[in-house]
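Shown here: input_14.txt, compact mmCIF, C-alpha atoms and all ligand atoms.
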# COMPACT_ATOMS: atom_id res chain seq x y z
CA MET A 109 -15.29 38.62 16.30
CA THR A 110 -17.11 35.95 14.35
CA LYS A 111 -17.57 35.74 10.60
CA TYR A 112 -21.13 35.33 9.43
CA LYS A 113 -22.83 34.82 6.14
CA LEU A 114 -24.66 38.12 5.62
CA ILE A 115 -27.43 39.06 3.26
CA ALA A 116 -28.30 42.56 2.08
CA THR A 117 -31.85 42.26 0.77
CA ALA A 118 -32.68 44.33 -2.28
CA ALA A 119 -35.77 45.34 -4.22
CA MET A 120 -36.14 43.52 -7.50
CA GLY A 121 -33.88 45.12 -10.10
CA LEU A 122 -31.61 46.88 -7.60
CA GLU A 123 -29.41 43.87 -6.72
CA ALA A 124 -26.46 44.96 -8.90
CA ILE A 125 -26.49 48.45 -7.39
CA VAL A 126 -26.57 47.06 -3.84
CA ALA A 127 -23.71 44.71 -4.79
CA ASP A 128 -21.63 47.68 -5.98
CA GLU A 129 -22.18 49.40 -2.67
CA VAL A 130 -21.25 46.26 -0.71
CA ARG A 131 -18.02 45.95 -2.72
CA LYS A 132 -17.18 49.62 -2.15
CA LEU A 133 -17.37 48.93 1.59
CA GLY A 134 -14.73 46.26 1.05
CA TYR A 135 -16.74 43.01 1.03
CA GLU A 136 -16.67 40.48 -1.80
CA CYS A 137 -20.19 39.45 -2.68
CA THR A 138 -22.44 37.43 -4.95
CA VAL A 139 -25.87 38.33 -6.23
CA ASP A 140 -29.05 36.26 -6.15
CA ASN A 141 -32.73 37.06 -6.66
CA GLY A 142 -33.51 39.93 -4.29
CA LYS A 143 -30.33 39.55 -2.30
CA VAL A 144 -26.62 40.22 -2.15
CA ILE A 145 -24.61 37.67 -0.18
CA PHE A 146 -21.31 38.38 1.54
CA GLU A 147 -19.23 37.39 4.56
CA GLY A 148 -18.55 39.67 7.46
CA ASP A 149 -18.19 40.07 11.21
CA GLU A 150 -20.20 42.17 13.66
CA LEU A 151 -18.48 45.34 12.46
CA ALA A 152 -19.64 44.49 8.92
CA VAL A 153 -23.20 44.24 10.26
CA ALA A 154 -22.93 47.72 11.74
CA ARG A 155 -21.15 49.26 8.74
CA THR A 156 -23.52 47.87 6.11
CA ASN A 157 -26.58 48.92 8.13
CA LEU A 158 -25.18 52.43 8.39
CA TRP A 159 -23.86 52.82 4.86
CA LEU A 160 -25.90 50.89 2.31
CA ARG A 161 -28.11 53.40 0.52
CA THR A 162 -30.04 51.04 -1.72
CA ALA A 163 -30.47 47.82 0.36
CA ASP A 164 -33.67 47.03 2.30
CA ARG A 165 -32.22 45.15 5.28
CA ILE A 166 -29.14 43.37 6.57
CA LYS A 167 -29.75 39.80 7.69
CA ILE A 168 -27.55 37.13 9.20
CA GLN A 169 -28.00 33.74 7.58
CA LEU A 170 -27.82 31.08 10.25
CA GLY A 171 -28.54 28.04 8.15
CA GLU A 172 -29.66 26.66 4.82
CA PHE A 173 -30.70 23.11 4.05
CA LYS A 174 -33.15 20.98 2.16
CA ALA A 175 -36.32 19.86 3.97
CA THR A 176 -39.44 18.14 2.71
CA THR A 177 -40.86 16.95 6.05
CA PHE A 178 -41.61 18.76 9.32
CA ASP A 179 -39.25 16.34 11.11
CA GLU A 180 -36.41 17.35 8.83
CA LEU A 181 -37.21 21.03 9.30
CA PHE A 182 -37.30 20.54 13.08
CA GLU A 183 -34.07 18.56 13.41
CA LYS A 184 -32.04 20.71 11.01
CA THR A 185 -33.22 23.89 12.74
CA LYS A 186 -32.47 22.50 16.20
CA VAL A 187 -28.78 21.81 15.50
CA LEU A 188 -28.07 25.47 14.65
CA PRO A 189 -26.33 27.65 17.28
CA TRP A 190 -29.29 29.93 18.07
CA GLU A 191 -27.83 30.75 21.48
CA GLN A 192 -25.19 32.86 19.69
CA PHE A 193 -27.93 35.42 19.04
CA ILE A 194 -30.81 34.64 21.37
CA THR A 195 -30.28 35.23 25.08
CA LYS A 196 -32.52 33.95 27.88
CA ASP A 197 -34.71 37.09 27.57
CA SER A 198 -34.68 37.82 23.82
CA GLU A 199 -37.96 38.14 21.99
CA PHE A 200 -37.67 35.91 18.92
CA PRO A 201 -40.72 36.04 16.65
CA VAL A 202 -40.61 33.76 13.60
CA SER A 203 -42.02 34.90 10.27
CA GLY A 204 -42.11 32.78 7.16
CA LYS A 205 -42.69 32.32 3.47
CA SER A 206 -42.84 29.30 1.20
CA ILE A 207 -42.67 29.16 -2.58
CA LYS A 208 -43.05 26.04 -4.73
CA SER A 209 -42.25 23.71 -1.81
CA THR A 210 -43.55 20.50 -0.23
CA LEU A 211 -43.79 22.32 3.11
CA TYR A 212 -46.26 24.93 1.96
CA SER A 213 -48.15 25.75 5.15
CA VAL A 214 -46.34 28.83 6.39
CA PRO A 215 -47.95 28.94 9.89
CA ASP A 216 -46.93 25.30 10.46
CA CYS A 217 -43.36 25.96 9.31
CA GLN A 218 -43.15 28.98 11.63
CA ALA A 219 -44.44 26.93 14.56
CA ILE A 220 -41.99 24.06 13.89
CA VAL A 221 -39.04 26.44 13.64
CA LYS A 222 -40.07 28.21 16.84
CA LYS A 223 -40.38 24.88 18.66
CA ALA A 224 -37.00 23.69 17.39
CA ILE A 225 -35.32 26.90 18.54
CA VAL A 226 -36.95 26.65 21.98
CA GLU A 227 -35.69 23.06 22.29
CA ARG A 228 -32.21 24.14 21.31
CA LEU A 229 -32.22 27.01 23.80
CA LYS A 230 -33.51 24.80 26.60
CA SER A 231 -30.56 22.48 26.09
CA GLN A 232 -28.22 25.50 26.28
CA TYR A 233 -29.86 27.48 29.10
CA ARG A 234 -30.57 24.49 31.33
CA ALA A 235 -32.36 26.27 34.17
CA VAL A 236 -34.89 27.95 31.87
CA GLU A 237 -38.19 26.15 31.33
CA TRP A 238 -40.16 29.03 29.85
CA PHE A 239 -38.75 31.90 27.80
CA GLN A 240 -40.43 35.15 28.84
CA GLU A 241 -39.24 37.00 25.70
CA THR A 242 -39.16 40.37 27.45
CA GLY A 243 -35.77 41.48 26.06
CA ALA A 244 -34.38 42.77 22.77
CA LYS A 245 -36.04 41.57 19.58
CA VAL A 246 -34.27 39.00 17.36
CA PRO A 247 -36.63 38.48 14.39
CA ILE A 248 -36.21 35.17 12.63
CA GLU A 249 -37.39 34.28 9.16
CA VAL A 250 -37.87 30.82 7.66
CA ALA A 251 -37.94 31.12 3.88
CA ILE A 252 -38.53 28.00 1.80
CA ARG A 253 -38.04 27.98 -1.94
CA LYS A 254 -38.24 24.76 -3.94
CA ASP A 255 -37.77 22.73 -0.71
CA PHE A 256 -34.66 24.69 0.17
CA VAL A 257 -34.85 26.32 3.59
CA THR A 258 -33.01 29.50 4.54
CA LEU A 259 -33.05 30.66 8.16
CA THR A 260 -32.14 34.28 8.75
CA ILE A 261 -32.08 36.85 11.54
CA ASP A 262 -32.90 40.49 10.81
CA THR A 263 -30.37 42.98 12.19
CA SER A 264 -31.94 46.20 10.84
CA GLY A 265 -35.40 46.46 12.42
CA ALA A 266 -37.21 49.14 10.43
CA GLY A 267 -36.33 48.85 6.73
CA LEU A 268 -33.20 50.75 5.71
CA HIS A 269 -35.26 53.18 3.59
CA LYS A 270 -36.32 54.68 6.91
CA ARG A 271 -33.47 57.14 7.32
CA GLY A 272 -35.22 59.09 10.04
CA TYR A 273 -35.55 62.37 8.14
CA ARG A 274 -38.99 61.99 6.62
CA VAL A 275 -41.31 63.91 8.92
CA GLN A 276 -43.60 64.94 6.07
CA GLN A 277 -44.63 63.06 3.00
CA GLY A 278 -46.70 63.81 -0.08
CA ALA A 279 -49.12 61.65 -2.02
CA ALA A 280 -46.62 59.54 -3.95
CA PRO A 281 -43.26 59.68 -2.22
CA LEU A 282 -40.37 57.74 -3.66
CA LYS A 283 -38.70 55.21 -1.38
CA GLU A 284 -35.38 56.62 -0.18
CA THR A 285 -33.56 53.46 -1.32
CA LEU A 286 -34.94 53.81 -4.86
CA ALA A 287 -34.12 57.54 -4.94
CA ALA A 288 -30.52 56.74 -3.96
CA ALA A 289 -30.38 54.08 -6.69
CA LEU A 290 -31.65 56.54 -9.32
CA ILE A 291 -28.86 58.96 -8.40
CA GLN A 292 -26.22 56.24 -8.38
CA LEU A 293 -27.25 55.28 -11.91
CA THR A 294 -26.28 58.76 -13.14
CA ASN A 295 -22.89 60.26 -13.86
CA TRP A 296 -23.38 62.99 -11.25
CA THR A 297 -20.41 64.10 -9.20
CA PRO A 298 -20.77 66.54 -6.29
CA ASP A 299 -19.12 69.39 -8.22
CA ARG A 300 -21.89 69.41 -10.84
CA PRO A 301 -25.33 71.04 -10.52
CA PHE A 302 -28.12 68.65 -9.53
CA VAL A 303 -31.81 69.41 -10.13
CA ASP A 304 -35.13 67.71 -9.35
CA LEU A 305 -38.00 69.51 -11.11
CA PHE A 306 -40.73 67.45 -9.36
CA CYS A 307 -39.29 67.22 -5.87
CA GLY A 308 -42.46 66.48 -3.83
CA SER A 309 -41.27 65.79 -0.30
CA GLY A 310 -37.65 66.19 -1.39
CA THR A 311 -36.48 62.58 -1.38
CA ILE A 312 -34.26 62.80 -4.48
CA PRO A 313 -32.46 66.07 -3.59
CA ILE A 314 -31.99 64.92 0.02
CA GLU A 315 -30.48 61.59 -1.06
CA ALA A 316 -28.24 63.47 -3.53
CA ALA A 317 -26.99 65.75 -0.76
CA LEU A 318 -26.28 62.76 1.52
CA ILE A 319 -24.30 61.15 -1.32
CA GLY A 320 -22.60 64.45 -2.20
CA GLN A 321 -21.34 64.99 1.35
CA ASN A 322 -20.65 61.30 1.88
CA ILE A 323 -23.02 61.15 4.85
CA ALA A 324 -23.99 57.61 5.93
CA PRO A 325 -27.73 57.31 5.27
CA GLY A 326 -28.33 55.48 8.55
CA PHE A 327 -26.48 57.98 10.69
CA ASN A 328 -29.66 59.42 12.24
CA ARG A 329 -31.45 56.21 13.12
CA ASP A 330 -31.18 53.12 15.30
CA PHE A 331 -30.86 49.48 14.30
CA LEU A 332 -32.24 46.44 16.04
CA ALA A 333 -28.86 44.74 16.48
CA GLU A 334 -27.65 47.73 18.53
CA GLU A 335 -29.65 46.27 21.41
CA TRP A 336 -28.22 42.77 21.14
CA GLU A 337 -25.94 41.53 23.90
CA ILE A 338 -23.95 39.43 21.44
CA MET A 339 -22.62 42.48 19.62
CA PRO A 340 -19.08 43.14 20.90
CA ALA A 341 -18.89 46.33 22.97
CA GLY A 342 -18.05 49.45 21.01
CA ILE A 343 -18.85 48.07 17.56
CA TRP A 344 -21.59 50.57 16.77
CA GLU A 345 -19.60 53.45 18.21
CA LYS A 346 -16.69 52.43 16.00
CA ALA A 347 -18.88 52.29 12.90
CA ARG A 348 -20.48 55.65 13.76
CA GLU A 349 -17.08 57.24 14.38
CA GLU A 350 -15.90 56.00 10.99
CA ALA A 351 -19.02 57.52 9.41
CA GLU A 352 -18.41 60.82 11.19
CA ASP A 353 -14.78 60.87 9.97
CA LEU A 354 -15.76 60.12 6.39
CA ALA A 355 -18.56 62.69 6.18
CA ASN A 356 -17.50 65.72 4.16
CA TYR A 357 -19.78 68.48 5.43
CA ASP A 358 -17.57 71.07 3.71
CA GLN A 359 -18.31 69.76 0.24
CA SER A 360 -20.24 72.59 -1.35
CA LEU A 361 -23.16 71.44 -3.42
CA GLN A 362 -25.44 73.00 -5.99
CA ILE A 363 -28.63 71.00 -5.50
CA THR A 364 -32.08 72.40 -6.21
CA GLY A 365 -35.52 70.90 -5.84
CA SER A 366 -38.66 72.52 -7.19
CA ASP A 367 -42.33 71.64 -7.31
CA ILE A 368 -45.48 73.32 -8.54
CA GLN A 369 -47.03 73.04 -5.09
CA HIS A 370 -46.05 75.36 -2.24
CA SER A 371 -46.98 72.67 0.27
CA ALA A 372 -44.47 70.26 -1.31
CA VAL A 373 -41.71 72.86 -1.07
CA GLU A 374 -42.51 73.35 2.62
CA MET A 375 -42.46 69.59 3.22
CA ALA A 376 -39.18 69.13 1.40
CA THR A 377 -37.58 72.01 3.32
CA GLN A 378 -38.66 70.49 6.62
CA ASN A 379 -37.42 67.02 5.69
CA ALA A 380 -34.04 68.39 4.58
CA GLN A 381 -33.76 70.25 7.87
CA GLU A 382 -34.50 67.02 9.75
CA ALA A 383 -31.74 65.32 7.72
CA GLY A 384 -29.31 67.96 8.97
CA LEU A 385 -29.12 69.55 5.51
CA ALA A 386 -30.73 72.91 6.26
CA GLY A 387 -29.37 75.41 3.76
CA VAL A 388 -27.54 72.74 1.74
CA ILE A 389 -30.38 72.29 -0.78
CA GLN A 390 -32.30 75.13 -2.44
CA PHE A 391 -36.02 74.42 -2.67
CA LYS A 392 -38.44 76.63 -4.54
CA GLN A 393 -41.95 76.66 -5.94
CA MET A 394 -41.81 76.47 -9.73
CA GLN A 395 -43.63 75.00 -12.70
CA ALA A 396 -41.19 72.43 -14.16
CA THR A 397 -41.59 73.80 -17.66
CA ASP A 398 -40.31 77.21 -16.48
CA PHE A 399 -36.86 75.76 -15.75
CA LYS A 400 -34.02 77.83 -17.18
CA THR A 401 -30.30 77.64 -16.53
CA ARG A 402 -26.96 78.95 -17.74
CA ASP A 403 -25.08 76.23 -15.91
CA MET A 404 -23.46 73.44 -17.84
CA TYR A 405 -22.89 69.74 -17.26
CA GLY A 406 -25.69 69.49 -14.72
CA VAL A 407 -27.84 66.48 -13.93
CA ILE A 408 -31.63 66.34 -13.65
CA VAL A 409 -33.23 63.39 -11.85
CA SER A 410 -37.01 63.52 -11.51
CA ASN A 411 -40.02 61.44 -10.64
CA PRO A 412 -42.81 63.31 -12.45
CA PRO A 413 -46.51 62.43 -12.28
CA TYR A 414 -47.17 59.18 -14.20
CA GLY A 415 -50.80 59.70 -15.19
CA GLU A 416 -51.76 56.27 -13.83
CA ARG A 417 -55.43 57.24 -13.89
CA ILE A 418 -56.74 57.43 -17.44
CA SER A 419 -58.30 60.82 -16.72
CA ASP A 420 -54.86 62.24 -15.81
CA ARG A 421 -53.21 61.01 -18.99
CA PRO A 422 -53.79 63.93 -21.38
CA GLY A 423 -52.46 66.45 -18.84
CA VAL A 424 -49.38 64.37 -18.11
CA GLU A 425 -48.68 63.81 -21.81
CA LYS A 426 -48.87 67.53 -22.45
CA LEU A 427 -46.51 68.11 -19.51
CA TYR A 428 -43.97 65.61 -20.94
CA GLN A 429 -44.20 67.31 -24.31
CA GLN A 430 -43.58 70.77 -22.84
CA LEU A 431 -40.75 69.38 -20.73
CA GLY A 432 -39.12 68.03 -23.88
CA GLN A 433 -39.19 71.54 -25.33
CA THR A 434 -37.95 73.19 -22.13
CA LEU A 435 -34.97 70.86 -21.86
CA ALA A 436 -34.23 70.46 -25.58
CA ASP A 437 -31.21 72.78 -25.70
CA LEU A 438 -29.43 71.53 -22.58
CA ASP A 439 -26.99 69.40 -24.52
CA THR A 440 -24.36 69.27 -21.77
CA TRP A 441 -26.92 68.17 -19.17
CA SER A 442 -27.73 64.55 -18.40
CA ILE A 443 -31.44 64.09 -17.81
CA TYR A 444 -33.17 61.18 -16.07
CA PHE A 445 -36.90 60.53 -15.59
CA ILE A 446 -38.63 57.61 -13.91
CA THR A 447 -42.20 56.98 -15.03
CA SER A 448 -44.61 54.15 -15.72
CA HIS A 449 -45.94 55.92 -18.81
CA GLU A 450 -44.96 53.62 -21.66
CA GLU A 451 -44.95 56.35 -24.28
CA PHE A 452 -42.84 58.82 -22.37
CA GLU A 453 -40.25 59.10 -25.15
CA LYS A 454 -42.90 59.83 -27.77
CA HIS A 455 -44.34 62.73 -25.80
CA PHE A 456 -40.98 64.01 -24.56
CA GLY A 457 -39.91 64.03 -28.19
CA LYS A 458 -36.63 62.20 -27.92
CA LYS A 459 -35.43 58.61 -27.64
CA ALA A 460 -33.59 57.84 -24.43
CA THR A 461 -29.89 56.95 -24.59
CA LYS A 462 -30.75 54.05 -22.31
CA LYS A 463 -33.79 52.67 -20.50
CA ARG A 464 -33.80 50.56 -17.38
CA LYS A 465 -36.75 48.64 -15.94
CA LEU A 466 -37.36 49.35 -12.27
CA PHE A 467 -40.16 48.82 -9.78
CA ASN A 468 -41.44 51.81 -7.86
CA GLY A 469 -43.20 49.81 -5.15
CA PHE A 470 -45.54 47.61 -7.20
CA ILE A 471 -45.58 49.93 -10.20
CA ARG A 472 -43.54 48.83 -13.19
CA THR A 473 -41.57 51.81 -14.41
CA ASP A 474 -38.79 52.69 -16.81
CA TYR A 475 -35.86 54.90 -15.96
CA TYR A 476 -35.32 57.04 -19.08
CA GLN A 477 -31.73 58.19 -19.33
CA TYR A 478 -30.63 61.01 -21.65
CA TRP A 479 -26.87 61.34 -21.49
CA GLY A 480 -25.45 64.79 -22.07
CA LYS A 481 -22.13 65.66 -23.68
CA ARG A 482 -19.18 64.37 -21.74
CA HIS A 483 -17.56 66.76 -19.31
CA PRO A 484 -14.07 67.71 -20.61
CA ARG A 485 -12.68 66.17 -17.43
CA GLU A 486 -14.14 62.77 -18.38
CA ASP A 487 -12.18 62.62 -21.66
C1 LIG B 501 -44.62 61.63 -8.03
S1 LIG B 501 -44.56 63.14 -7.17
C2 LIG B 501 -42.86 63.27 -6.70
C3 LIG B 501 -42.58 62.63 -5.37
C4 LIG B 501 -41.20 62.87 -4.85
N1 LIG B 501 -40.18 62.19 -5.65
C5 LIG B 501 -41.13 62.42 -3.38
O1 LIG B 501 -40.35 61.52 -3.07
O2 LIG B 501 -41.86 62.96 -2.57
C6 LIG B 501 -44.75 64.31 -8.43
C7 LIG B 501 -44.67 65.75 -7.99
O3 LIG B 501 -44.73 66.58 -9.13
C8 LIG B 501 -45.41 67.77 -8.80
N2 LIG B 501 -45.87 68.37 -10.07
C9 LIG B 501 -46.92 68.01 -10.85
N3 LIG B 501 -46.97 68.77 -11.96
C10 LIG B 501 -45.92 69.63 -11.91
C11 LIG B 501 -45.43 70.65 -12.77
N4 LIG B 501 -46.03 70.94 -13.91
N5 LIG B 501 -44.30 71.30 -12.40
C12 LIG B 501 -43.69 71.01 -11.24
N6 LIG B 501 -44.12 70.07 -10.38
C13 LIG B 501 -45.22 69.37 -10.70
C14 LIG B 501 -46.48 67.34 -7.84
O4 LIG B 501 -46.86 68.43 -7.03
C15 LIG B 501 -45.79 66.21 -7.07
O5 LIG B 501 -45.23 66.69 -5.87

In structure tokens, write the structure found in this file.
Ligand SMILES: C[S@@+](CC[C@H](N)C(=O)[O-])C[C@H]1O[C@@H](n2cnc3c(N)ncnc32)[C@H](O)[C@@H]1O
Amino acid sequence: MTKYKLIATAAMGLEAIVADEVRKLGYECTVDNGKVIFEGDELAVARTNLWLRTADRIKIQLGEFKATTFDELFEKTKVLPWEQFITKDSEFPVSGKSIKSTLYSVPDCQAIVKKAIVERLKSQYRAVEWFQETGAKVPIEVAIRKDFVTLTIDTSGAGLHKRGYRVQQGAAPLKETLAAALIQLTNWTPDRPFVDLFCGSGTIPIEAALIGQNIAPGFNRDFLAEEWEIMPAGIWEKAREEAEDLANYDQSLQITGSDIQHSAVEMATQNAQEAGLAGVIQFKQMQATDFKTRDMYGVIVSNPPYGERISDRPGVEKLYQQLGQTLADLDTWSIYFITSHEEFEKHFGKKATKKRKLFNGFIRTDYYQYWGKRHPRED
């Protein structure tokens, strides 16, 4: 097997969480803007695609160099061993981006890179004059930042947030990768109760259950690199077998998701079933402010309405205020809310132990963290 330079791309603000996950899989890594960089072979490509809960994609970096002219871009692209990934039939579209660089015309950069790769392949596959591109897809990206070119190949295909379980979605679903990050930022362990009071289509409880039973998030989907001839035989089977061995379906969990809307509860139930978690999570219709519990040391993670439209604000502020009262006595519980409402703490009636800036898509949000009393076991 060959060692490659691999990149796990990450949403802004989630890099450190992705890096933690990469390290837990056994790979040393470094963090840059929007990416986590590590070394690994083909098995690492399969394992990271299957296991990383918070990364967007896994890419192979084929080259990086400085280029300020099209000639330089062409020549430095042409010397790279593209034939390692692209066969005579592969489809190899080139996408691009350019930031603060002399070569700013993205369509031209894409065309030059494509031409350079074709030249390289022609010199390798001598009999081929014209590449039909009817085979497996090998998407290439040319990214230029301050005249520095990075050439990568995407191994994931659909973004890793697409786990394959979302058959239904509500109006403002949370990305699965962000939901997994929110949970990993808590102190939850599978033996403690877990609650989402605004579950919508069920993303947060479903991701919690996958984490709780150590189920690989990519287990129910395919990846682009599975179709590549260059992947050594049996690699994906090996990675899937490892995932099957590590899954702990017997771990009992106490996870509940509730929502004021019946339709949301139905959606969430269906999505959980699709994820293979039927019966693992309890979903019910409930007004969040009616929450009551005798359990201790639980964790609440919720994505409540934000009141982005001015007209929705008073209602949402009242809701936050009532929530503050409902949850006021749960001193052993740790409570986490993500919202873009800048005065959440004021309405909720309590200052957060810690706040963390996060992006929910393009919306700037804060993750308000209220730490409960430590579990005796943690002392
Ligand atoms: C931003 S969405 C949550 C989306 C969810 N995280 C997902 O991934 O699908 C907010 C949810 O809160 C629900 N909701 C609004 N007011 C509520 C209340 N007072 N009690 C319980 N749920 C409420 C809405 O029905 C909606 O499903």

Enumerate residues in contact with ligand LIG 501 (chain B): an atom-to-atom distance of at most 7 Å, counting all atoms listed in the file. Format the result as JSON, numbers by chain.
-> {"A": [277, 278, 280, 281, 282, 283, 305, 306, 307, 308, 309, 310, 311, 312, 366, 367, 368, 369, 372, 394, 395, 396, 397, 410, 411, 412, 413, 427]}

Place a sphere of radius 6 Å on (-35.4, 69.5, -3.0) in the file coordinates and name every protein, DNA or RNA residue with an atom inside or on its surface, counting only C-alpha atoms; give the answer as a ChimeraX atom specification.
-> /A:307,310,313,364-365,376,391

Which polymer residues have any atom within 8 Å of an atom of Lys458 of chain A, counting only C-alpha atoms, with same-chain residues fewer than 4 positions away left out, as JSON, numbers by chain?
-> {"A": [432, 453, 454]}

Please produce a file of the residues just selected, as a tab-separated table (two decimals), in the frame of the given file, where the atoms kept are C-alpha atoms.
chain	number	residue	atom	x	y	z
A	432	GLY	CA	-39.12	68.03	-23.88
A	453	GLU	CA	-40.25	59.10	-25.15
A	454	LYS	CA	-42.90	59.83	-27.77

Residue among A:Lys167, A:Lys459, A:Arg131, A:Lys223 lying closest to Ala116 of chain A, counting only C-alpha atoms = A:Lys167

Within 12 Å of Ala219 of chain A, counting all atoms listed in the file, which residues show up once you throw out same-chain ones fewer than 2 positions away? Write them as a PDB file with C-alpha atoms, in the frame of the given file, please.
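The resulting out02.pdb:
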ATOM      1  CA  PHE A 178     -41.610  18.760   9.320  1.00  0.00           C
ATOM      2  CA  LEU A 181     -37.210  21.030   9.300  1.00  0.00           C
ATOM      3  CA  PHE A 182     -37.300  20.540  13.080  1.00  0.00           C
ATOM      4  CA  THR A 185     -33.220  23.890  12.740  1.00  0.00           C
ATOM      5  CA  PRO A 201     -40.720  36.040  16.650  1.00  0.00           C
ATOM      6  CA  VAL A 202     -40.610  33.760  13.600  1.00  0.00           C
ATOM      7  CA  SER A 203     -42.020  34.900  10.270  1.00  0.00           C
ATOM      8  CA  GLY A 204     -42.110  32.780   7.160  1.00  0.00           C
ATOM      9  CA  SER A 213     -48.150  25.750   5.150  1.00  0.00           C
ATOM     10  CA  VAL A 214     -46.340  28.830   6.390  1.00  0.00           C
ATOM     11  CA  PRO A 215     -47.950  28.940   9.890  1.00  0.00           C
ATOM     12  CA  ASP A 216     -46.930  25.300  10.460  1.00  0.00           C
ATOM     13  CA  CYS A 217     -43.360  25.960   9.310  1.00  0.00           C
ATOM     14  CA  VAL A 221     -39.040  26.440  13.640  1.00  0.00           C
ATOM     15  CA  LYS A 222     -40.070  28.210  16.840  1.00  0.00           C
ATOM     16  CA  LYS A 223     -40.380  24.880  18.660  1.00  0.00           C
ATOM     17  CA  ALA A 224     -37.000  23.690  17.390  1.00  0.00           C
ATOM     18  CA  ILE A 225     -35.320  26.900  18.540  1.00  0.00           C
ATOM     19  CA  VAL A 226     -36.950  26.650  21.980  1.00  0.00           C
ATOM     20  CA  ILE A 248     -36.210  35.170  12.630  1.00  0.00           C
ATOM     21  CA  GLU A 249     -37.390  34.280   9.160  1.00  0.00           C
ATOM     22  CA  VAL A 250     -37.870  30.820   7.660  1.00  0.00           C
TER      23      VAL A 250
END

Around the point (-24.0, 57.2, 8.0), in the coordinates given by the file, pick out the residues reaching within 12 Å, counting only C-alpha atoms, and return them as a PyMOL selection string.
-> chain A and resi 154-161+268+271-272+315+318-319+321-330+344-356+383

Nearest to Glu150 of chain A: which of A:Ala119, A:Ile166, A:Cys137, A:Val236 is it, counting all atoms listed in the file?
-> A:Ile166

Record the distance separating atom CA of Leu170 of chain A and atom CA of Leu286 of chain A, expressed in Å with one decimal.
->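 Those two atoms sit 28.2 Å apart.
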
6 Å contact set for Leu466 of chain A, only C-alpha atoms, chain neighbours under 6 positions out, as JSON, numbers by chain | {"A": [121, 473, 474]}

Distance of atom CA of Glu450 of chain A from atom CA of Lys426 of chain A, expressed in Å to one decimal place = 14.5 Å

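Take atom CA of Gln433 of chain A and atom CA of Ile471 of chain A: the distance between them is 27.1 Å.
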
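Closest to Thr117 of chain A among A:Leu435, A:Leu290, A:Val139, A:Val144 is A:Val144, based on only C-alpha atoms.
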
What's the 12 Å shell around Gly480 of chain A, counting only C-alpha atoms, without same-chain residues fewer than 2 positions away, as a count of residues only?
-> 26

Selection near Tyr428 of chain A, 8 Å with all atoms listed in the file, sequence-local residues under 3 positions removed, as a PyMOL selection string = chain A and resi 424-425+431-432+452+455-456

Dump C-alpha atoms for the selected residues as a compact mmCIF listing (two decimals), in the coordinates of the input?
# COMPACT_ATOMS: atom_id res chain seq x y z
CA VAL A 424 -49.38 64.37 -18.11
CA GLU A 425 -48.68 63.81 -21.81
CA LEU A 431 -40.75 69.38 -20.73
CA GLY A 432 -39.12 68.03 -23.88
CA PHE A 452 -42.84 58.82 -22.37
CA HIS A 455 -44.34 62.73 -25.80
CA PHE A 456 -40.98 64.01 -24.56

Which of these, A:Glu284, A:Glu382, A:Asp255, A:Glu334, has the shortest distance to Glu180 of chain A once you count all atoms listed in the file?
->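 Checking each candidate against Glu180 of chain A, we get A:Asp255 as the closest.
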
Taking all atoms listed in the file into account, which of A:Pro301, A:Val187, A:Asp262, A:Leu293 comes nearest Asp128 of chain A?
->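 Once distances to Asp128 of chain A are computed over all atoms listed in the file, the minimum belongs to A:Leu293.
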
A:Gln276, A:Gly320, A:Glu416, A:Pro189: which is nearest Val373 of chain A, counting only C-alpha atoms?
->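 The closest residue to Val373 of chain A is A:Gln276.
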